[in-house]
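Quick notes on the structure that follows.
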Amino acid sequence: MAKYPLIKSTLKDRLLGGHYVEGLPLPSEPQLAREFEVSRMTARRAIDELEREGYVYRVQGAGTFPTGKRFRQGTFRVRPFKEWARHPDHRTTVLRAMQIEATPEIAIVLQIQAGDPVIFVHRLRNAGDEALVIEKRYVNAALAPGLLDQNLNAESIHETMVSMGVPMARVEQNLEAVNLRQEEADLLRVPLGTAAFLLRRTTYSGTKRASYVNYWVRGDRYAFQDTFEP
């Protein structure tokens with residue numbers, strides 16, 4: 001099983017917990033490779049992802065530094081897909097929809113075994129001619145074996161799974177700011193490195209993780225809003 005997700009998770013916990021002092025470099029890639037008993041390439045991959053997600057930054061010749069603790073605050077709600085699809089100017093395009101074998105990374109997220117069947121859905125949401133949201137979703141295929149037979153261009157995957165008899169009990173989500181990689185930047189038709197929102201969402205059916213999805217949302221065209229009692 002790939003070890004870099006564990007390294008990434010451990011380093012992220014340390015960064016969020018203030019283990020690394022701002023202004024001082026993290027352990028070098030060779031040091032991390034020795035600590036976790038992996039190759040330098042594996043350690044570098046974990047650092048690369050943390051850099052892409054904005055937790056660290058690199059200074060040539062000096063090392064990798066923490067960007068500062070990310071504080072977790074409050075709750076927020078996101079408009080359901082059915083409300084998005086209802087607007088006459090909005091459309092959703094399925095770029096890919098297929099059954100795949102769970103990679104070690106996805107297996108960890110969905111709490112299944114590597115190689116187990118997973119439904120992968122890659123969609124792009126547009127408002128008029130503007131691409132606004134990229135969706136990459138992984139669904140435990142054992143819970144929703146007929147999902148690929150549905151009209152995924154127009155239907156909410158969440159509501160479709162409920163209609164298939166998969167009760168949805170709980171949603172965990174995390175919203176943060178990131179800089180877009182080349183793949184996402186090309187789909188959203190913005191320059192590489194453009195700031196955007198990354199919404200990660202895990203949906204549970206009972207105690208099982210039914211779905212995990214990443215949404216990349218254009219920061220210059222989207223705002224999140226909520227109302228609550230102080």
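Residue numbering restarts at 1 in every chain; chains get A, B, ... in the order shown in the structure tokens, and ligands count up from 1 in that same order.
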May I have all residues of stretch 14-210 of chain A that DSSP, computed from the backbone, assigns to alpha helix (DSSP H), given as an MDAnalysis selection string?
chainID A and resid 14:16 29:36 40:52 81:86 104:110 157:163 182:188
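Non-sequential neighbours of stretch 202-215 of chain A (distance at most 6 Å, separation of 4 or more positions within a chain, only C-alpha atoms) are Leu110, Ile134, Glu135, Lys136, Arg137, Tyr138, Val139, Asn140, Pro167, Met168, Ala169, Arg170, Val171, Glu172 and Leu198 of chain A.
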Which residues are near A:Asp116? Cut-off 12 Å, only C-alpha atoms, ignore same chain within fewer than 2 positions. Put them as a ChimeraX atom specification.
/A:99-104,106-108,110-114,118-119,138-143
Residue list (strand (DSSP E), DSSP) for stretch 20-230 of chain A, as number ranges by chain:
A: 56-59, 63-66, 90-101, 117-127, 130-140, 170-179, 195-205, 208-218
Could you name the residues that touch stretch 3-5 of chain A at 10 Å or less, counting only C-alpha atoms, but leaving out those on the same chain fewer than 2 positions away, as a ChimeraX atom specification?
/A:1,7-11,36-39,41-47,49,104-106,108-109
Who sits within 6 Å of stretch 146-157 of chain A, only C-alpha atoms, same chain under 3 positions skipped, as an MDAnalysis selection string
chainID A and resid 81 92:94 160
Take the residues that were just selected and, keeping C-alpha atoms, output them as an mmCIF file, in the first residue's frame.
```cif
data_model
loop_
_atom_site.group_PDB
_atom_site.id
_atom_site.type_symbol
_atom_site.label_atom_id
_atom_site.label_comp_id
_atom_site.auth_asym_id
_atom_site.auth_seq_id
_atom_site.Cartn_x
_atom_site.Cartn_y
_atom_site.Cartn_z
ATOM 1 C CA PHE A 81 -27.091 20.082 -6.792
ATOM 2 C CA THR A 92 -23.456 20.022 -15.990
ATOM 3 C CA THR A 93 -21.236 17.927 -18.246
ATOM 4 C CA VAL A 94 -20.033 14.447 -17.335
ATOM 5 C CA THR A 160 -29.970 9.338 -6.766
#
```
Fewer than 5 positions away in the same chain doesn't count, so skip those; otherwise give me all residues within 12 Å of A:Val59, counting only C-alpha atoms, as number ranges by chain.
A: 23-26, 51, 64-67
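With distances restricted to only C-alpha atoms, A:Glu184 is the closest residue to A:Ala196 from A:Glu184, A:Glu130, A:Asp13, A:Asp48.
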